[in-house]
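Okay, upload01.pdb is below, PDB, C-alpha atoms:
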ATOM      1  CA  MET A 170      12.486  -6.514  12.091  1.00  0.00           C
ATOM      2  CA  ALA A 171      13.552  -4.158  14.834  1.00  0.00           C
ATOM      3  CA  SER A 172      17.235  -5.086  14.575  1.00  0.00           C
ATOM      4  CA  HIS A 173      17.622  -3.801  11.010  1.00  0.00           C
ATOM      5  CA  ALA A 174      16.399  -0.249  11.496  1.00  0.00           C
ATOM      6  CA  THR A 175      18.791   1.593   9.161  1.00  0.00           C
ATOM      7  CA  LYS A 176      18.552  -0.984   6.390  1.00  0.00           C
ATOM      8  CA  HIS A 177      14.738  -0.881   6.547  1.00  0.00           C
ATOM      9  CA  PHE A 178      14.676   2.915   6.756  1.00  0.00           C
ATOM     10  CA  ILE A 179      16.710   3.232   3.544  1.00  0.00           C
ATOM     11  CA  ARG A 180      14.869   0.446   1.690  1.00  0.00           C
ATOM     12  CA  GLN A 181      11.476   1.827   2.660  1.00  0.00           C
ATOM     13  CA  ARG A 182      12.336   5.243   1.235  1.00  0.00           C
ATOM     14  CA  PHE A 183      14.099   3.864  -1.817  1.00  0.00           C
ATOM     15  CA  THR A 184      11.095   1.710  -2.793  1.00  0.00           C
ATOM     16  CA  ALA A 185       8.756   4.623  -1.986  1.00  0.00           C
ATOM     17  CA  LEU A 186      10.666   6.892  -4.387  1.00  0.00           C
ATOM     18  CA  LEU A 187      10.575   4.212  -7.093  1.00  0.00           C
ATOM     19  CA  GLN A 188       6.855   3.662  -6.623  1.00  0.00           C
ATOM     20  CA  VAL A 189       5.886   7.307  -7.110  1.00  0.00           C
ATOM     21  CA  PRO A 190       6.530   7.450 -10.904  1.00  0.00           C
ATOM     22  CA  LEU A 191       5.653   3.756 -11.382  1.00  0.00           C
ATOM     23  CA  THR A 192       2.264   4.109  -9.662  1.00  0.00           C
ATOM     24  CA  VAL A 193       1.414   7.300 -11.566  1.00  0.00           C
ATOM     25  CA  PHE A 194       2.292   5.474 -14.808  1.00  0.00           C
ATOM     26  CA  LEU A 195       0.210   2.460 -13.789  1.00  0.00           C
ATOM     27  CA  VAL A 196      -2.819   4.562 -12.814  1.00  0.00           C
ATOM     28  CA  VAL A 197      -2.734   6.460 -16.129  1.00  0.00           C
ATOM     29  CA  ALA A 198      -2.365   3.180 -18.044  1.00  0.00           C
ATOM     30  CA  VAL A 199      -5.272   1.559 -16.179  1.00  0.00           C
ATOM     31  CA  ILE A 200      -7.462   4.613 -16.933  1.00  0.00           C
ATOM     32  CA  LEU A 201      -6.644   4.302 -20.655  1.00  0.00           C
ATOM     33  CA  HIS A 202      -7.352   0.553 -20.529  1.00  0.00           C
ATOM     34  CA  ALA A 203     -10.575   0.773 -18.502  1.00  0.00           C
ATOM     35  CA  GLY A 204     -12.709  -0.795 -21.232  1.00  0.00           C
ATOM     36  CA  SER A 205     -10.050  -2.949 -22.909  1.00  0.00           C
ATOM     37  CA  THR A 206     -10.432  -6.570 -23.947  1.00  0.00           C
ATOM     38  CA  ARG A 207      -7.989  -9.203 -22.688  1.00  0.00           C
ATOM     39  CA  ASP A 208      -6.098  -9.128 -26.028  1.00  0.00           C
ATOM     40  CA  GLU A 209      -5.587  -5.377 -25.810  1.00  0.00           C
ATOM     41  CA  MET A 210      -4.350  -5.727 -22.234  1.00  0.00           C
ATOM     42  CA  LEU A 211      -1.945  -8.557 -23.154  1.00  0.00           C
ATOM     43  CA  ALA A 212      -0.515  -6.456 -26.002  1.00  0.00           C
ATOM     44  CA  TRP A 213       0.042  -3.571 -23.589  1.00  0.00           C
ATOM     45  CA  VAL A 214       1.733  -5.729 -20.904  1.00  0.00           C
ATOM     46  CA  ALA A 215       3.906  -7.487 -23.524  1.00  0.00           C
ATOM     47  CA  ASN A 216       5.512  -4.193 -24.569  1.00  0.00           C
ATOM     48  CA  PRO A 217       9.105  -4.518 -23.206  1.00  0.00           C
ATOM     49  CA  TRP A 218       9.109  -1.121 -21.474  1.00  0.00           C
ATOM     50  CA  VAL A 219       5.738  -1.726 -19.857  1.00  0.00           C
ATOM     51  CA  ALA A 220       6.768  -5.260 -18.813  1.00  0.00           C
ATOM     52  CA  ALA A 221       9.990  -3.922 -17.247  1.00  0.00           C
ATOM     53  CA  ALA A 222       8.080  -1.205 -15.372  1.00  0.00           C
ATOM     54  CA  LEU A 223       5.536  -3.756 -14.110  1.00  0.00           C
ATOM     55  CA  VAL A 224       8.288  -6.137 -12.928  1.00  0.00           C
ATOM     56  CA  ALA A 225      10.023  -3.252 -11.110  1.00  0.00           C
ATOM     57  CA  TRP A 226       6.670  -2.367  -9.552  1.00  0.00           C
ATOM     58  CA  PHE A 227       5.956  -5.968  -8.465  1.00  0.00           C
ATOM     59  CA  LEU A 228       9.408  -6.160  -6.841  1.00  0.00           C
ATOM     60  CA  ALA A 229       9.291  -2.759  -5.106  1.00  0.00           C
ATOM     61  CA  VAL A 230       5.743  -2.967  -3.744  1.00  0.00           C
ATOM     62  CA  PRO A 231       6.018  -6.305  -1.859  1.00  0.00           C
ATOM     63  CA  LEU A 232       9.309  -5.148  -0.279  1.00  0.00           C
ATOM     64  CA  HIS A 233       7.781  -1.804   0.785  1.00  0.00           C
ATOM     65  CA  MET A 234       4.658  -3.599   1.984  1.00  0.00           C
ATOM     66  CA  SER A 235       6.479  -6.200   4.086  1.00  0.00           C
ATOM     67  CA  ILE A 236       8.655  -3.569   5.818  1.00  0.00           C
ATOM     68  CA  GLY A 237       5.642  -1.344   6.557  1.00  0.00           C
ATOM     69  CA  ILE A 238       3.405  -4.108   7.875  1.00  0.00           C
ATOM     70  CA  GLY A 239       6.409  -5.512   9.760  1.00  0.00           C
ATOM     71  CA  ASP A 240       6.647  -2.192  11.643  1.00  0.00           C
ATOM     72  CA  VAL A 241       2.933  -2.319  12.458  1.00  0.00           C
ATOM     73  CA  ILE A 242       3.349  -5.896  13.746  1.00  0.00           C
ATOM     74  CA  ASP A 243       6.319  -4.853  15.930  1.00  0.00           C
ATOM     75  CA  ASP A 244       4.285  -1.993  17.404  1.00  0.00           C
ATOM     76  CA  TYR A 245       1.062  -3.794  18.207  1.00  0.00           C
ATOM     77  CA  LEU A 246       1.883  -7.461  18.815  1.00  0.00           C
ATOM     78  CA  HIS A 247       3.739  -8.011  22.065  1.00  0.00           C
ATOM     79  CA  LYS A 248       3.603 -11.753  22.518  1.00  0.00           C
ATOM     80  CA  LYS A 249       6.727 -13.248  21.000  1.00  0.00           C
ATOM     81  CA  THR A 250       5.224 -16.350  19.369  1.00  0.00           C
ATOM     82  CA  THR A 251       2.246 -14.474  17.864  1.00  0.00           C
ATOM     83  CA  ARG A 252       4.585 -11.736  16.631  1.00  0.00           C
ATOM     84  CA  SER A 253       7.024 -14.161  15.000  1.00  0.00           C
ATOM     85  CA  LEU A 254       4.238 -16.106  13.303  1.00  0.00           C
ATOM     86  CA  THR A 255       2.625 -12.908  12.025  1.00  0.00           C
ATOM     87  CA  HIS A 256       6.004 -11.753  10.660  1.00  0.00           C
ATOM     88  CA  LEU A 257       6.258 -15.085   8.872  1.00  0.00           C
ATOM     89  CA  ALA A 258       2.754 -14.719   7.381  1.00  0.00           C
ATOM     90  CA  ASN A 259       3.618 -11.148   6.350  1.00  0.00           C
ATOM     91  CA  SER A 260       6.768 -12.311   4.510  1.00  0.00           C
ATOM     92  CA  ALA A 261       4.892 -15.194   2.883  1.00  0.00           C
ATOM     93  CA  TYR A 262       2.162 -12.832   1.643  1.00  0.00           C
ATOM     94  CA  ALA A 263       4.705 -10.397   0.160  1.00  0.00           C
ATOM     95  CA  LEU A 264       6.628 -13.235  -1.493  1.00  0.00           C
ATOM     96  CA  PHE A 265       3.392 -14.669  -2.905  1.00  0.00           C
ATOM     97  CA  LEU A 266       2.316 -11.327  -4.428  1.00  0.00           C
ATOM     98  CA  GLY A 267       5.787 -10.651  -5.834  1.00  0.00           C
ATOM     99  CA  VAL A 268       6.152 -14.087  -7.407  1.00  0.00           C
ATOM    100  CA  ALA A 269       2.579 -14.099  -8.772  1.00  0.00           C
ATOM    101  CA  GLY A 270       2.956 -10.588 -10.229  1.00  0.00           C
ATOM    102  CA  VAL A 271       6.389 -11.036 -11.799  1.00  0.00           C
ATOM    103  CA  PHE A 272       5.538 -14.498 -13.120  1.00  0.00           C
ATOM    104  CA  SER A 273       2.278 -13.226 -14.663  1.00  0.00           C
ATOM    105  CA  VAL A 274       4.130 -10.444 -16.484  1.00  0.00           C
ATOM    106  CA  ILE A 275       6.756 -12.915 -17.786  1.00  0.00           C
ATOM    107  CA  ALA A 276       4.039 -15.384 -18.816  1.00  0.00           C
ATOM    108  CA  ILE A 277       2.146 -12.670 -20.719  1.00  0.00           C
ATOM    109  CA  THR A 278       5.270 -11.583 -22.641  1.00  0.00           C
ATOM    110  CA  LEU A 279       5.778 -15.245 -23.592  1.00  0.00           C
ATOM    111  CA  ILE A 280       2.191 -16.125 -24.601  1.00  0.00           C
ATOM    112  CA  HIS A 281       1.403 -12.912 -26.440  1.00  0.00           C
TER     113      HIS A 281
ATOM    114  CA  MET S 308       7.313  -1.377  57.892  1.00  0.00           C
ATOM    115  CA  SER S 309       5.212   1.440  56.495  1.00  0.00           C
ATOM    116  CA  ASP S 310       2.988   0.787  53.549  1.00  0.00           C
ATOM    117  CA  SER S 311       3.706   4.210  52.032  1.00  0.00           C
ATOM    118  CA  VAL S 312       6.396   2.527  49.978  1.00  0.00           C
ATOM    119  CA  ARG S 313       4.915   0.098  47.528  1.00  0.00           C
ATOM    120  CA  THR S 314       7.012  -2.042  45.255  1.00  0.00           C
ATOM    121  CA  VAL S 315       5.614  -3.064  41.910  1.00  0.00           C
ATOM    122  CA  GLN S 316       6.885  -6.113  40.167  1.00  0.00           C
ATOM    123  CA  PHE S 317       6.996  -5.789  36.364  1.00  0.00           C
ATOM    124  CA  TYR S 318       6.519  -8.847  34.216  1.00  0.00           C
ATOM    125  CA  PRO S 319       7.415  -8.236  30.561  1.00  0.00           C
ATOM    126  CA  GLY S 320       4.387  -8.812  28.365  1.00  0.00           C
ATOM    127  CA  LYS S 321       2.045  -8.799  31.380  1.00  0.00           C
ATOM    128  CA  ASN S 322       1.999  -5.457  33.167  1.00  0.00           C
ATOM    129  CA  THR S 323       4.921  -3.485  31.698  1.00  0.00           C
ATOM    130  CA  PRO S 324       4.069  -0.150  30.043  1.00  0.00           C
ATOM    131  CA  MET S 325       3.750  -0.526  26.278  1.00  0.00           C
ATOM    132  CA  SER S 326       4.174   1.835  23.369  1.00  0.00           C
ATOM    133  CA  PRO S 327       2.308   3.352  21.562  1.00  0.00           C
ATOM    134  CA  HIS S 328      -0.176   4.954  23.925  1.00  0.00           C
ATOM    135  CA  LEU S 329      -2.866   5.687  21.361  1.00  0.00           C
ATOM    136  CA  GLN S 330      -5.471   6.484  24.019  1.00  0.00           C
ATOM    137  CA  VAL S 331      -3.572   9.361  25.670  1.00  0.00           C
ATOM    138  CA  TRP S 332      -2.912  11.420  22.533  1.00  0.00           C
ATOM    139  CA  LYS S 333      -4.607  14.734  21.965  1.00  0.00           C
ATOM    140  CA  PHE S 334      -6.290  14.728  18.570  1.00  0.00           C
ATOM    141  CA  THR S 335      -4.216  16.605  16.004  1.00  0.00           C
ATOM    142  CA  VAL S 336      -4.317  16.374  12.222  1.00  0.00           C
ATOM    143  CA  THR S 337      -0.666  15.239  12.066  1.00  0.00           C
ATOM    144  CA  MET S 338      -1.420  12.314  14.372  1.00  0.00           C
ATOM    145  CA  ALA S 339      -4.551  11.487  12.366  1.00  0.00           C
ATOM    146  CA  ALA S 340      -2.504  11.536   9.151  1.00  0.00           C
ATOM    147  CA  SER S 341       0.043   9.181  10.723  1.00  0.00           C
ATOM    148  CA  ILE S 342      -2.669   6.712  11.747  1.00  0.00           C
ATOM    149  CA  THR S 343      -4.396   7.019   8.361  1.00  0.00           C
ATOM    150  CA  HIS S 344      -1.031   6.396   6.682  1.00  0.00           C
ATOM    151  CA  ARG S 345      -0.766   3.071   8.500  1.00  0.00           C
ATOM    152  CA  ILE S 346      -4.378   2.069   7.878  1.00  0.00           C
ATOM    153  CA  THR S 347      -4.148   2.924   4.161  1.00  0.00           C
ATOM    154  CA  GLY S 348      -0.808   1.094   3.974  1.00  0.00           C
ATOM    155  CA  VAL S 349      -2.399  -2.109   5.268  1.00  0.00           C
ATOM    156  CA  GLY S 350      -5.412  -1.465   3.011  1.00  0.00           C
ATOM    157  CA  ASN S 351      -3.164  -1.099  -0.017  1.00  0.00           C
ATOM    158  CA  ALA S 352      -1.508  -4.420   0.822  1.00  0.00           C
ATOM    159  CA  ILE S 353      -4.949  -6.075   0.741  1.00  0.00           C
ATOM    160  CA  GLY S 354      -5.844  -4.212  -2.464  1.00  0.00           C
ATOM    161  CA  MET S 355      -2.701  -5.628  -4.080  1.00  0.00           C
ATOM    162  CA  LEU S 356      -4.499  -8.974  -4.026  1.00  0.00           C
ATOM    163  CA  VAL S 357      -7.099  -7.606  -6.481  1.00  0.00           C
ATOM    164  CA  LEU S 358      -4.475  -6.065  -8.732  1.00  0.00           C
ATOM    165  CA  THR S 359      -2.399  -9.261  -8.762  1.00  0.00           C
ATOM    166  CA  ALA S 360      -5.534 -11.313  -9.462  1.00  0.00           C
ATOM    167  CA  TRP S 361      -6.311  -8.992 -12.394  1.00  0.00           C
ATOM    168  CA  ILE S 362      -2.897  -9.364 -14.067  1.00  0.00           C
ATOM    169  CA  GLY S 363      -2.659 -13.039 -13.069  1.00  0.00           C
ATOM    170  CA  SER S 364      -6.042 -13.846 -14.594  1.00  0.00           C
ATOM    171  CA  ALA S 365      -4.999 -12.111 -17.841  1.00  0.00           C
ATOM    172  CA  ALA S 366      -2.038 -14.494 -17.963  1.00  0.00           C
ATOM    173  CA  ILE S 367      -4.221 -17.580 -17.349  1.00  0.00           C
ATOM    174  CA  SER S 368      -7.246 -17.572 -19.691  1.00  0.00           C
ATOM    175  CA  ASP S 369     -10.212 -15.668 -21.135  1.00  0.00           C
ATOM    176  CA  GLU S 370     -12.547 -17.253 -18.562  1.00  0.00           C
ATOM    177  CA  ALA S 371     -10.362 -16.286 -15.594  1.00  0.00           C
ATOM    178  CA  PHE S 372      -9.959 -12.748 -16.951  1.00  0.00           C
ATOM    179  CA  ASN S 373     -13.716 -12.374 -17.470  1.00  0.00           C
ATOM    180  CA  ILE S 374     -14.428 -13.457 -13.891  1.00  0.00           C
ATOM    181  CA  VAL S 375     -12.054 -10.846 -12.420  1.00  0.00           C
ATOM    182  CA  GLN S 376     -13.096  -8.140 -14.910  1.00  0.00           C
ATOM    183  CA  GLY S 377     -16.753  -8.945 -14.187  1.00  0.00           C
ATOM    184  CA  PHE S 378     -16.216  -8.554 -10.459  1.00  0.00           C
ATOM    185  CA  LEU S 379     -14.358  -5.239 -10.919  1.00  0.00           C
ATOM    186  CA  ALA S 380     -17.182  -3.859 -13.112  1.00  0.00           C
ATOM    187  CA  SER S 381     -19.888  -4.894 -10.605  1.00  0.00           C
ATOM    188  CA  PRO S 382     -21.152  -2.358  -8.010  1.00  0.00           C
ATOM    189  CA  LEU S 383     -19.204  -4.132  -5.252  1.00  0.00           C
ATOM    190  CA  GLY S 384     -16.074  -4.212  -7.418  1.00  0.00           C
ATOM    191  CA  LEU S 385     -16.372  -0.509  -8.234  1.00  0.00           C
ATOM    192  CA  ILE S 386     -16.762   0.355  -4.548  1.00  0.00           C
ATOM    193  CA  ALA S 387     -13.663  -1.739  -3.776  1.00  0.00           C
ATOM    194  CA  LEU S 388     -11.726  -0.045  -6.602  1.00  0.00           C
ATOM    195  CA  PHE S 389     -12.854   3.385  -5.406  1.00  0.00           C
ATOM    196  CA  GLY S 390     -11.709   2.664  -1.850  1.00  0.00           C
ATOM    197  CA  PHE S 391      -8.436   1.167  -3.067  1.00  0.00           C
ATOM    198  CA  THR S 392      -7.743   4.200  -5.294  1.00  0.00           C
ATOM    199  CA  MET S 393      -8.521   6.632  -2.478  1.00  0.00           C
ATOM    200  CA  SER S 394      -6.298   4.625  -0.121  1.00  0.00           C
ATOM    201  CA  VAL S 395      -3.383   4.586  -2.610  1.00  0.00           C
ATOM    202  CA  MET S 396      -3.777   8.322  -3.292  1.00  0.00           C
ATOM    203  CA  PHE S 397      -3.691   9.174   0.411  1.00  0.00           C
ATOM    204  CA  HIS S 398      -0.672   6.945   1.014  1.00  0.00           C
ATOM    205  CA  LEU S 399       1.062   8.524  -2.013  1.00  0.00           C
ATOM    206  CA  ALA S 400       0.299  12.115  -0.969  1.00  0.00           C
ATOM    207  CA  ASN S 401       1.155  11.574   2.691  1.00  0.00           C
ATOM    208  CA  GLY S 402       4.207   9.490   1.715  1.00  0.00           C
ATOM    209  CA  LEU S 403       5.522  12.418  -0.330  1.00  0.00           C
ATOM    210  CA  ARG S 404       4.899  14.581   2.724  1.00  0.00           C
ATOM    211  CA  TYR S 405       7.049  12.212   4.810  1.00  0.00           C
ATOM    212  CA  MET S 406       9.811  12.285   2.183  1.00  0.00           C
ATOM    213  CA  PHE S 407       9.698  16.068   2.383  1.00  0.00           C
ATOM    214  CA  ALA S 408       9.944  15.774   6.172  1.00  0.00           C
ATOM    215  CA  ASP S 409      12.907  13.378   5.827  1.00  0.00           C
ATOM    216  CA  SER S 410      14.759  16.135   3.991  1.00  0.00           C
ATOM    217  CA  GLY S 411      14.464  18.159   7.198  1.00  0.00           C
ATOM    218  CA  GLN S 412      11.812  20.561   5.924  1.00  0.00           C
ATOM    219  CA  GLY S 413       8.204  21.186   6.805  1.00  0.00           C
ATOM    220  CA  LEU S 414       8.615  19.931  10.370  1.00  0.00           C
ATOM    221  CA  GLY S 415       7.335  23.081  12.072  1.00  0.00           C
ATOM    222  CA  LYS S 416       4.056  22.720  13.955  1.00  0.00           C
ATOM    223  CA  PHE S 417       1.988  24.871  11.602  1.00  0.00           C
ATOM    224  CA  GLN S 418       3.598  23.711   8.367  1.00  0.00           C
ATOM    225  CA  ALA S 419       3.256  20.035   9.341  1.00  0.00           C
ATOM    226  CA  ARG S 420      -0.434  20.578  10.103  1.00  0.00           C
ATOM    227  CA  LYS S 421      -0.993  22.442   6.854  1.00  0.00           C
ATOM    228  CA  THR S 422       0.630  19.704   4.727  1.00  0.00           C
ATOM    229  CA  ALA S 423      -1.365  17.029   6.603  1.00  0.00           C
ATOM    230  CA  TRP S 424      -4.574  18.817   5.637  1.00  0.00           C
ATOM    231  CA  VAL S 425      -3.295  19.005   2.050  1.00  0.00           C
ATOM    232  CA  ALA S 426      -2.807  15.209   2.011  1.00  0.00           C
ATOM    233  CA  TYR S 427      -6.414  14.752   3.203  1.00  0.00           C
ATOM    234  CA  ALA S 428      -7.729  17.216   0.608  1.00  0.00           C
ATOM    235  CA  VAL S 429      -5.681  15.965  -2.338  1.00  0.00           C
ATOM    236  CA  SER S 430      -6.559  12.239  -2.086  1.00  0.00           C
ATOM    237  CA  PRO S 431     -10.352  12.494  -2.737  1.00  0.00           C
ATOM    238  CA  VAL S 432      -9.732  15.074  -5.488  1.00  0.00           C
ATOM    239  CA  LEU S 433      -7.222  12.797  -7.264  1.00  0.00           C
ATOM    240  CA  THR S 434      -9.562   9.824  -6.819  1.00  0.00           C
ATOM    241  CA  GLY S 435     -12.398  11.835  -8.348  1.00  0.00           C
ATOM    242  CA  ILE S 436     -10.253  12.856 -11.318  1.00  0.00           C
ATOM    243  CA  ILE S 437      -9.094   9.248 -11.862  1.00  0.00           C
ATOM    244  CA  PHE S 438     -12.656   7.852 -11.841  1.00  0.00           C
ATOM    245  CA  TRP S 439     -13.963  10.679 -14.018  1.00  0.00           C
ATOM    246  CA  ALA S 440     -11.107  10.075 -16.511  1.00  0.00           C
ATOM    247  CA  ALA S 441     -11.602   6.286 -16.500  1.00  0.00           C
ATOM    248  CA  PHE S 442     -15.344   6.587 -17.201  1.00  0.00           C
ATOM    249  CA  THR S 443     -14.741   9.206 -19.887  1.00  0.00           C
ATOM    250  CA  ALA S 444     -12.046   7.088 -21.538  1.00  0.00           C
ATOM    251  CA  THR S 445     -14.388   4.106 -21.852  1.00  0.00           C
ATOM    252  CA  GLY S 446     -17.096   6.292 -23.410  1.00  0.00           C
ATOM    253  CA  THR S 447     -20.386   4.729 -22.424  1.00  0.00           C
ATOM    254  CA  ASN S 448     -20.493   3.336 -18.906  1.00  0.00           C
TER     255      ASN S 448
END
I'd like the structure from this file rewritten - as structure tokens, please.
Amino acid sequence: MASHATKHFIRQRFTALLQVPLTVFLVVAVILHAGSTRDEMLAWVANPWVAAALVAWFLAVPLHMSIGIGDVIDDYLHKKTTRSLTHLANSAYALFLGVAGVFSVIAITLIH
Amino acid sequence: MSDSVRTVQFYPGKNTPMSPHLQVWKFTVTMAASITHRITGVGNAIGMLVLTAWIGSAAISDEAFNIVQGFLASPLGLIALFGFTMSVMFHLANGLRYMFADSGQGLGKFQARKTAWVAYAVSPVLTGIIFWAAFTATGTN
């Protein structure tokens, strides 16, 4: 983590910038779909523009998340083995969320 | 041999000084915003689990979707959603503040404090608007 400072600095800000409009869009969409049925939600996700935005969001967020939590781990965990294992768990969690999110969006566009 | 000179042996990971020294900071709003930024960041990462479960369950089946939707509409689910929304809004507002700082502006003592207060003020207001709008959009709830 600590040996890729510049790369992480740029990626963290790049994903942050991406997430600002994407999150605002997502929040507005969720408000409008607050009482929707599953069918209505599937139709919304299956729209190509919405699906693309959701995929971009599910790629950007796990990357941003793993860098941020990685920094917290570096700052507060000082024992090498614990730190390395926690970094591993952090990466696994981000990968899991990214894969689950992107795959769900793809699956919905296919089943709808 | 006088004992006025004392040598201290440092063992990395045992008695070496470590950063950050959270306990010796004077309380300022900028430092509070920094800590809250981290806490909300970790909170958002946990909240992502709910959001991913929501979209994942929609992809799986009606039953799975109803379970997640049912949890989110329950009192506990609404409290979780409220906290998650507030956490995201703070991280968003304070994150924009950091982007502004990255451009080299707003770093003065008084301006940095003022914008930190703005981040704290804006997040509950936005959360309130979002929940008000969501309940209005659904009509009866």
Q: Write out as a ChimeraX atom specification the residues lying within 12 Å of Ala339 (chain S), counting all atoms listed in the file and excluding same-chain residues fewer than 6 positions away.
A: /S:329,332-333,345-347,401,419-420,423-424,426-427
Within 10 Å of chain S, which residues of chain A come that close, and what is the closest atom pair and distance in Å for each? Count only C-alpha atoms and give it as a tab-separated table.
residue	atom	partner	partner_atom	distance
A:Arg182	CA	S:Met406	CA	7.5
A:Ala185	CA	S:Gly402	CA	7.6
A:Leu186	CA	S:Met406	CA	8.5
A:Gln188	CA	S:Leu399	CA	8.9
A:Val189	CA	S:Leu399	CA	7.1
A:Thr192	CA	S:Leu399	CA	8.9
A:Val193	CA	S:Leu399	CA	9.6
A:Val196	CA	S:Ile437	CA	7.9
A:Val197	CA	S:Ile437	CA	8.2
A:Ala198	CA	S:Ala441	CA	9.9
A:Val199	CA	S:Ala441	CA	7.9
A:Ile200	CA	S:Ala441	CA	4.5
A:Leu201	CA	S:Ala444	CA	6.1
A:His202	CA	S:Thr445	CA	8.0
A:Ala203	CA	S:Ala441	CA	6.0
A:Gly204	CA	S:Thr445	CA	5.2
A:Ser205	CA	S:Thr445	CA	8.3
A:Thr206	CA	S:Asn373	CA	9.3
A:Arg207	CA	S:Ala365	CA	6.4
A:Asp208	CA	S:Ala365	CA	8.8
A:Met210	CA	S:Ala365	CA	7.8
A:Leu211	CA	S:Ala365	CA	7.1
A:Val214	CA	S:Ile362	CA	9.0
A:Phe227	CA	S:Thr359	CA	9.0
A:Val230	CA	S:Ala352	CA	8.7
A:Pro231	CA	S:Ala352	CA	8.2
A:His233	CA	S:Gly348	CA	9.6
A:Met234	CA	S:Ala352	CA	6.3
A:Ser235	CA	S:Ala352	CA	8.8
A:Gly237	CA	S:Gly348	CA	7.4
A:Ile238	CA	S:Val349	CA	6.7
A:Asp240	CA	S:Arg345	CA	9.6
A:Val241	CA	S:Arg345	CA	7.6
A:Asp244	CA	S:Pro327	CA	7.1
A:Tyr245	CA	S:Pro327	CA	8.0
A:Leu246	CA	S:Gly320	CA	10.0
A:His247	CA	S:Gly320	CA	6.4
A:Lys248	CA	S:Gly320	CA	6.6
A:Lys249	CA	S:Gly320	CA	8.9
A:Tyr262	CA	S:Ala352	CA	9.2
A:Ala263	CA	S:Ala352	CA	8.6
A:Phe265	CA	S:Leu356	CA	9.8
A:Leu266	CA	S:Thr359	CA	6.7
A:Gly267	CA	S:Thr359	CA	8.8
A:Val268	CA	S:Thr359	CA	9.9
A:Ala269	CA	S:Gly363	CA	6.9
A:Gly270	CA	S:Thr359	CA	5.7
A:Val271	CA	S:Gly363	CA	9.4
A:Phe272	CA	S:Gly363	CA	8.3
A:Ser273	CA	S:Gly363	CA	5.2
A:Val274	CA	S:Ile362	CA	7.5
A:Ile275	CA	S:Ala366	CA	8.9
A:Ala276	CA	S:Ala366	CA	6.2
A:Ile277	CA	S:Ala366	CA	5.3
A:Thr278	CA	S:Ala366	CA	9.2
A:Leu279	CA	S:Ala366	CA	9.7
A:Ile280	CA	S:Ala366	CA	8.0
A:His281	CA	S:Ala366	CA	9.3
(Q) Can you measure CA of Leu191 (chain A) to CA of Val224 (chain A) for me? One decimal in Å is fine. (A)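 Going from CA of Leu191 (chain A) over to CA of Val224 (chain A) covers 10.4 Å.
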Q. How many Å lie between CA of Thr422 (chain S) and CA of Leu385 (chain S), rounded to one decimal?
A.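 Between these atoms lies a distance of 29.4 Å.
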Q. Expressed in Å to a single decimal, how great is the separation between CA of Gly390 (chain S) and CA of Met338 (chain S)?
A. 21.5 Å
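Once Leu257 (chain A) and its same-chain neighbours fewer than 3 positions away are set aside, A:Met170, A:Ser235, A:Ile238, A:Gly239, A:Ile242, A:Thr250, A:Thr251, A:Arg252, A:Ser253, A:Leu254, A:Ser260, A:Ala261, A:Tyr262, A:Ala263, A:Leu264 remain within 12 Å of it when counting only C-alpha atoms.
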